[in-house]
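my_file21.cif follows (mmCIF, C-alpha atoms):
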data_work
#
loop_
_atom_site.label_atom_id
_atom_site.label_comp_id
_atom_site.auth_asym_id
_atom_site.auth_seq_id
_atom_site.Cartn_x
_atom_site.Cartn_y
_atom_site.Cartn_z
CA MET A 1408 0.00 0.00 0.00
CA GLN A 1409 1.22 3.49 -0.89
CA LEU A 1410 0.59 6.19 1.71
CA ALA A 1411 0.62 9.97 1.14
CA LEU A 1412 0.97 11.83 4.42
CA LEU A 1413 0.41 15.56 4.14
CA GLN A 1414 -1.08 18.48 5.98
CA PRO A 1415 -4.41 19.88 4.72
CA GLN A 1416 -4.01 22.12 1.66
CA PHE A 1417 -6.55 24.09 -0.34
CA ALA A 1418 -4.49 24.24 -3.55
CA PRO A 1419 -1.57 21.78 -3.47
CA ASN A 1420 1.49 22.14 -5.65
CA LEU A 1421 2.16 19.48 -8.27
CA TYR A 1422 4.70 17.65 -6.10
CA ASP A 1423 2.04 17.01 -3.47
CA LEU A 1424 -0.66 16.37 -6.05
CA SER A 1425 1.58 13.68 -7.53
CA ALA A 1426 1.90 12.04 -4.10
CA MET A 1427 -1.87 12.00 -3.69
CA LEU A 1428 -2.45 10.65 -7.19
CA LYS A 1429 -0.04 7.76 -6.62
CA ALA A 1430 -1.25 6.87 -3.12
CA ASP A 1431 -3.75 4.21 -2.14
CA LEU A 1432 -4.39 6.15 1.07
CA ILE A 1433 -4.16 9.93 1.49
CA VAL A 1434 -4.01 11.18 5.07
CA TRP A 1435 -4.24 14.82 6.02
CA GLU A 1436 -2.56 15.48 9.37
CA ASP A 1437 -5.28 17.66 10.84
CA VAL A 1438 -4.22 16.81 14.43
CA GLU A 1439 -0.72 18.23 14.05
CA LYS A 1440 0.09 21.74 15.26
CA TRP A 1441 -0.42 24.52 12.77
CA SER A 1442 2.76 26.09 11.39
CA ARG A 1443 3.18 29.37 9.57
CA LYS A 1444 5.72 27.58 7.37
CA GLY A 1445 3.18 25.00 6.25
CA ARG A 1446 0.69 25.21 3.36
CA SER A 1447 -2.59 24.70 5.18
CA HIS A 1448 -3.27 28.45 5.00
CA ARG A 1449 -1.41 29.42 1.85
CA ALA A 1450 -0.47 28.45 -1.71
CA GLN A 1451 2.05 29.60 -4.28
CA ILE A 1452 1.24 31.21 -7.59
CA ARG A 1453 3.50 32.37 -10.43
CA GLY A 1454 4.30 36.04 -10.07
CA HIS A 1455 6.12 38.16 -12.62
CA SER A 1456 9.36 37.84 -10.65
CA GLY A 1457 8.94 34.20 -9.49
CA LEU A 1458 6.87 32.39 -6.89
CA GLN A 1459 4.44 34.38 -4.77
CA TRP A 1460 2.36 33.30 -1.75
CA ILE A 1461 -1.34 33.93 -1.35
CA ASN A 1462 -2.45 33.66 2.29
CA LEU A 1463 -5.40 33.28 4.63
CA PRO A 1464 -4.91 35.03 7.99
CA ILE A 1465 -5.08 32.93 11.16
CA LYS A 1466 -6.36 34.09 14.52
CA THR A 1467 -3.37 34.88 16.73
CA GLU A 1468 -4.68 32.86 19.68
CA ASP A 1469 -5.01 29.74 17.49
CA LYS A 1470 -1.45 29.55 16.20
CA GLN A 1471 -0.41 26.90 18.74
CA LYS A 1472 -3.45 24.70 18.13
CA PRO A 1473 -3.90 21.59 15.96
CA ILE A 1474 -4.82 22.44 12.37
CA LYS A 1475 -8.35 21.11 12.83
CA ASP A 1476 -9.01 23.74 15.53
CA VAL A 1477 -7.44 26.74 13.81
CA ARG A 1478 -9.76 29.56 12.78
CA ILE A 1479 -9.47 32.03 9.91
CA ASP A 1480 -9.22 35.61 11.10
CA GLN A 1481 -12.25 36.96 9.26
CA THR A 1482 -11.84 40.38 10.88
CA ARG A 1483 -9.01 41.01 8.43
CA ASP A 1484 -9.60 41.91 4.79
CA TRP A 1485 -7.84 38.96 3.18
CA PHE A 1486 -10.11 38.30 0.20
CA GLU A 1487 -9.40 41.39 -1.89
CA PRO A 1488 -5.55 41.24 -1.58
CA LEU A 1489 -5.62 37.51 -2.36
CA TRP A 1490 -7.88 37.87 -5.37
CA ASN A 1491 -6.03 40.94 -6.64
CA ALA A 1492 -2.76 38.93 -6.61
CA ILE A 1493 -4.42 36.16 -8.61
CA TYR A 1494 -6.02 38.59 -11.07
CA HIS A 1495 -2.86 40.64 -11.57
CA ASN A 1496 -0.72 37.58 -12.31
CA TYR A 1497 -3.18 35.48 -14.34
CA LYS A 1498 -5.44 37.86 -16.24
CA SER A 1499 -3.50 37.05 -19.43
CA ALA A 1500 -3.41 33.27 -18.81
CA THR A 1501 -5.09 31.17 -21.50
CA TYR A 1502 -7.95 29.88 -19.34
CA PHE A 1503 -8.31 32.65 -16.78
CA ASP A 1504 -11.50 34.05 -18.30
CA LEU A 1505 -13.08 30.58 -18.26
CA PHE A 1506 -12.54 30.03 -14.52
CA GLU A 1507 -12.41 33.60 -13.18
CA ASP A 1508 -16.02 33.91 -12.04
CA GLU A 1509 -16.26 30.45 -10.51
CA LEU A 1510 -13.02 30.70 -8.58
CA ARG A 1511 -13.77 34.18 -7.34
CA THR A 1512 -17.08 32.82 -6.05
CA ASP A 1513 -15.26 29.91 -4.40
CA PHE A 1514 -12.96 32.29 -2.53
CA GLU A 1515 -15.91 34.49 -1.58
CA THR A 1516 -17.66 31.41 -0.21
CA GLY A 1517 -14.52 30.65 1.78
CA ALA A 1518 -14.74 34.06 3.37
CA HIS A 1519 -17.71 32.73 5.35
CA PHE A 1520 -15.92 29.74 6.86
CA THR A 1521 -14.82 29.94 10.48
CA LYS A 1522 -12.33 27.06 10.55
CA LEU A 1523 -9.35 26.76 8.25
CA ILE A 1524 -9.85 23.00 7.80
CA ASP A 1525 -13.36 23.59 6.43
CA PHE A 1526 -12.01 26.08 3.90
CA ASP A 1527 -9.22 23.67 2.91
CA ILE A 1528 -11.64 20.79 2.34
CA TYR A 1529 -14.13 22.92 0.42
CA PHE A 1530 -11.61 24.63 -1.86
CA PHE A 1531 -9.57 21.47 -2.42
CA ASN A 1532 -12.69 19.66 -3.59
CA ARG A 1533 -13.55 22.54 -5.91
CA MET A 1534 -10.05 22.44 -7.44
CA MET A 1535 -10.28 18.69 -7.96
CA THR A 1536 -13.64 19.14 -9.68
CA TYR A 1537 -12.19 21.68 -12.11
CA LEU A 1538 -9.21 19.42 -12.81
CA GLU A 1539 -11.48 16.36 -13.11
CA ILE A 1540 -9.59 14.41 -10.44
CA ASP A 1541 -11.23 12.09 -7.93
CA LEU A 1542 -9.31 12.26 -4.63
CA HIS A 1543 -10.63 11.64 -1.12
CA PRO A 1544 -8.15 12.46 1.67
CA LYS A 1545 -8.90 11.06 5.11
CA MET A 1546 -8.33 13.04 8.28
CA ALA A 1547 -5.78 11.71 10.76
CA SER A 1548 -8.30 12.47 13.51
CA ASP A 1549 -10.59 9.81 11.99
CA ILE A 1550 -7.94 7.07 11.83
CA PRO A 1551 -7.41 5.08 15.08
CA GLU A 1552 -4.04 3.80 13.85
CA TYR A 1553 -2.65 7.27 13.23
CA ASP A 1554 0.58 8.12 14.99
CA THR A 1555 2.36 11.48 14.93
CA PHE A 1556 5.60 9.65 14.09
CA PRO A 1557 5.47 8.56 10.41
CA ASP A 1558 7.57 5.42 10.97
CA GLN A 1559 5.10 4.14 13.54
CA PHE A 1560 2.08 5.06 11.44
CA VAL A 1561 3.53 3.22 8.44
CA GLN A 1562 4.00 0.17 10.63
CA ASN A 1563 0.52 0.47 12.13
CA ILE A 1564 -1.23 0.35 8.77
CA GLY A 1565 1.28 -1.85 6.91
CA ALA A 1566 2.20 0.67 4.21
CA ASP A 1567 4.93 -0.27 1.73
CA THR A 1568 5.60 3.20 0.32
CA LEU A 1569 5.46 6.59 2.03
CA TYR A 1570 5.24 10.02 0.44
CA LEU A 1571 5.58 13.09 2.66
CA GLU A 1572 4.75 16.67 1.78
CA HIS A 1573 7.30 18.24 -0.54
CA GLU A 1574 9.99 20.29 1.24
CA SER A 1575 8.20 19.98 4.57
CA LYS A 1576 11.15 19.40 6.92
CA ASN A 1577 10.49 22.65 8.81
CA TYR A 1578 6.95 21.73 9.88
CA GLN A 1579 6.29 18.01 9.26
CA ARG A 1580 7.94 15.09 11.04
CA GLN A 1581 10.40 13.40 8.69
CA THR A 1582 11.57 9.83 8.21
CA ASP A 1583 14.11 8.07 6.05
CA LEU A 1584 11.30 5.77 4.91
CA ALA A 1585 9.81 8.52 2.75
CA ILE A 1586 10.57 8.76 -0.96
CA PRO A 1587 9.83 11.65 -3.35
CA ALA A 1588 6.65 11.22 -5.37
CA LEU A 1589 7.92 13.36 -8.23
CA ASP A 1590 11.53 13.37 -9.43
CA ASP A 1591 11.08 15.46 -12.57
CA HIS A 1592 8.53 18.25 -12.44
CA PRO A 1593 6.69 18.45 -15.78
CA GLU A 1594 7.04 21.76 -17.58
CA TYR A 1595 4.09 23.56 -19.13
CA ARG A 1596 3.37 26.98 -20.56
CA GLN A 1597 2.81 29.69 -17.97
CA ALA A 1598 1.38 33.18 -18.34
CA VAL A 1599 4.84 34.61 -17.69
CA SER A 1600 7.66 33.54 -20.01
CA GLY A 1601 9.90 30.75 -18.77
CA PHE A 1602 8.86 28.02 -16.37
CA VAL A 1603 8.95 28.04 -12.56
CA PRO A 1604 8.11 24.76 -10.76
CA GLY A 1605 6.37 24.52 -7.40
CA CYS A 1606 3.23 26.49 -8.23
CA SER A 1607 -0.13 25.42 -6.88
CA THR A 1608 -2.87 23.81 -8.93
CA LEU A 1609 -4.30 27.29 -9.52
CA ASP A 1610 -1.40 27.94 -11.88
CA LEU A 1611 -2.03 24.76 -13.82
CA LEU A 1612 -5.76 25.43 -14.06
CA PHE A 1613 -5.42 29.00 -15.34
CA ASN A 1614 -2.75 28.06 -17.87
CA TYR A 1615 -4.00 24.68 -19.08
CA GLY A 1616 -7.66 24.51 -18.11
CA LYS A 1617 -9.36 21.48 -19.64
CA GLU A 1618 -6.00 20.41 -21.05
CA SER A 1619 -4.63 19.91 -17.52
CA PHE A 1620 -5.07 16.16 -17.84
CA ARG A 1621 -1.97 16.12 -20.06
CA ILE A 1622 0.17 17.29 -17.13
CA ILE A 1623 -1.78 15.27 -14.56
CA ASP A 1624 -1.03 12.09 -16.51
CA ASP A 1625 2.68 12.82 -16.05
CA LEU A 1626 2.14 13.25 -12.30
CA ARG A 1627 0.64 9.78 -12.02
CA GLY A 1628 3.95 8.29 -13.18
#
This entry written out as structure tokens:
Amino acid sequence: MQLALLQPQFAPNLYDLSAMLKADLIVWEDVEKWSRKGRSHRAQIRGHSGLQWINLPIKTEDKQKPIKDVRIDQTRDWFEPLWNAIYHNYKSATYFDLFEDELRTDFETGAHFTKLIDFDIYFFNRMMTYLEIDLHPKMASDIPEYDTFPDQFVQNIGADTLYLEHESKNYQRQTDLAIPALDDHPEYRQAVSGFVPGCSTLDLLFNYGKESFRIIDDLRG
């Protein structure tokens, strides 16, 4: 059995999407402590000068809590800066006009969620619908065999292969058992000339739209 062990994400990059596509079991570590260095509250898009983060603000008093208990700070105006960053960087992308209204609505809907995990689940499912991918992560809090140490969890469920979140050493427990899900990141046309890997699925969707399956097939390996 192949296991992908990641923290909740609303728009994963293609390294982590590859891990989820290859896995028999996807587990989101919702019981682990939230980290500002993680991706549960943010995603990367392609800016004109390289990678750029878009972020959801977290309530200050929740920053030491498990991810499942963390709340979005809805007193802060996060929607307009986030959407303006997306619009500014992707308005010339091939498929931006096709998805602009729907994705803006999705983010506006997210502005009504209290908990970060609920936003992550909702937006992740929306992204998978647009990309025509059928993925169903399970929450660690719902798995009796889950252990915060990956080695033990692998043993508990009898996994043969383990994928961890890409470049997660600063916020996710590591193990030598883990292998990379994606060795060679596929290149595709981006709205800005040249190619920068590591962007979230938003980048793929705006640039490739209904053609995204061509890149997704490469992620499956």
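With all atoms listed in the file as the atoms that count, the residue of A:Tyr1422, A:Phe1417, A:Phe1531, A:Phe1613 with the shortest distance to Ile1493 (chain A) is A:Phe1613.
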Handout entry: Selection: 10 Å around Val1438 (chain A), all atoms listed in the file, excl. self and same-chain fewer than 2 positions, as a PyMOL selection string
Key = chain A and resi 1414+1435-1436+1440-1441+1472-1476+1546-1549+1553-1555
Mind writing the picked residues with C-alpha atoms as a PDB file, in the frame of the given file?
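To be explicit, this is the file written out as result13.pdb:
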ATOM      1  CA  GLN A1414      -1.080  18.480   5.980  1.00  0.00           C
ATOM      2  CA  TRP A1435      -4.240  14.820   6.020  1.00  0.00           C
ATOM      3  CA  GLU A1436      -2.560  15.480   9.370  1.00  0.00           C
ATOM      4  CA  LYS A1440       0.090  21.740  15.260  1.00  0.00           C
ATOM      5  CA  TRP A1441      -0.420  24.520  12.770  1.00  0.00           C
ATOM      6  CA  LYS A1472      -3.450  24.700  18.130  1.00  0.00           C
ATOM      7  CA  PRO A1473      -3.900  21.590  15.960  1.00  0.00           C
ATOM      8  CA  ILE A1474      -4.820  22.440  12.370  1.00  0.00           C
ATOM      9  CA  LYS A1475      -8.350  21.110  12.830  1.00  0.00           C
ATOM     10  CA  ASP A1476      -9.010  23.740  15.530  1.00  0.00           C
ATOM     11  CA  MET A1546      -8.330  13.040   8.280  1.00  0.00           C
ATOM     12  CA  ALA A1547      -5.780  11.710  10.760  1.00  0.00           C
ATOM     13  CA  SER A1548      -8.300  12.470  13.510  1.00  0.00           C
ATOM     14  CA  ASP A1549     -10.590   9.810  11.990  1.00  0.00           C
ATOM     15  CA  TYR A1553      -2.650   7.270  13.230  1.00  0.00           C
ATOM     16  CA  ASP A1554       0.580   8.120  14.990  1.00  0.00           C
ATOM     17  CA  THR A1555       2.360  11.480  14.930  1.00  0.00           C
TER      18      THR A1555
END
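Each of A:Leu1609, A:Asp1508, A:Arg1596, A:Leu1421 was checked against Trp1460 (chain A) using all atoms listed in the file; the smallest atom-to-atom distance is that of A:Leu1609.
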Handout entry: Glu1509 (chain A) surroundings by all atoms listed in the file, 12 Å radius, close-in-sequence under 3 positions cut, as a list in words
Key = Phe1503, Asp1504, Leu1505, Phe1506, Thr1512, Asp1513, Phe1514, Glu1515, Thr1516, Phe1530, Arg1533, Met1534, Thr1536, Tyr1537 and Phe1613 of chain A
Name the residues captured by the PyMOL selection byres ((chain A and resi 1593) around 10) when it is applied to the shown file; answer as an mmCIF file with C-alpha atoms, in the frame of the given file.
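Output contents, as saved in expr.cif:
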data_model
loop_
_atom_site.group_PDB
_atom_site.id
_atom_site.type_symbol
_atom_site.label_atom_id
_atom_site.label_comp_id
_atom_site.auth_asym_id
_atom_site.auth_seq_id
_atom_site.Cartn_x
_atom_site.Cartn_y
_atom_site.Cartn_z
ATOM 1 C CA LEU A 1421 2.160 19.480 -8.270
ATOM 2 C CA TYR A 1422 4.700 17.650 -6.100
ATOM 3 C CA LEU A 1589 7.920 13.360 -8.230
ATOM 4 C CA ASP A 1590 11.530 13.370 -9.430
ATOM 5 C CA ASP A 1591 11.080 15.460 -12.570
ATOM 6 C CA HIS A 1592 8.530 18.250 -12.440
ATOM 7 C CA GLU A 1594 7.040 21.760 -17.580
ATOM 8 C CA TYR A 1595 4.090 23.560 -19.130
ATOM 9 C CA PHE A 1602 8.860 28.020 -16.370
ATOM 10 C CA PRO A 1604 8.110 24.760 -10.760
ATOM 11 C CA ARG A 1621 -1.970 16.120 -20.060
ATOM 12 C CA ILE A 1622 0.170 17.290 -17.130
ATOM 13 C CA ILE A 1623 -1.780 15.270 -14.560
ATOM 14 C CA ASP A 1625 2.680 12.820 -16.050
ATOM 15 C CA LEU A 1626 2.140 13.250 -12.300
#
Problem - Residue neighbourhood Asp1567 (chain A), 12 Å, only C-alpha atoms, exclusion window fewer than 6 positions, as a ChimeraX atom specification - result: /A:1408-1411,1430-1432,1558,1560-1561,1584-1586
Practice task
Considering only C-alpha atoms, return as JSON, numbers by chain whatever protein or nucleic-acid residues lie within 7 Å of Glu1572 (chain A), sequence-local ones (same chain, fewer than 2 positions apart) excluded.
Solution key: {"A": [1412, 1413, 1423, 1570, 1574, 1575]}
Handout entry: Residues within 10 Å of region 1484-1486 of chain A, only C-alpha atoms, excluding chain neighbours under 5 positions, as a ChimeraX atom specification
Key = /A:1461-1464,1479,1491,1511,1514-1515,1517-1518
Practice task
I need the residue set behind the PyMOL selection byres ((chain A and resi 1606) around 8) for this file; please write it as a PyMOL selection string.
Solution key: chain A and resi 1420-1421+1450-1453+1458+1603-1605+1607-1611
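Computed from the coordinates, the CA of Tyr1578 (chain A) to CA of Ser1442 (chain A) distance equals 6.2 Å.
Computed from the coordinates, the CA of Val1599 (chain A) to CA of Ser1456 (chain A) distance equals 9.0 Å.
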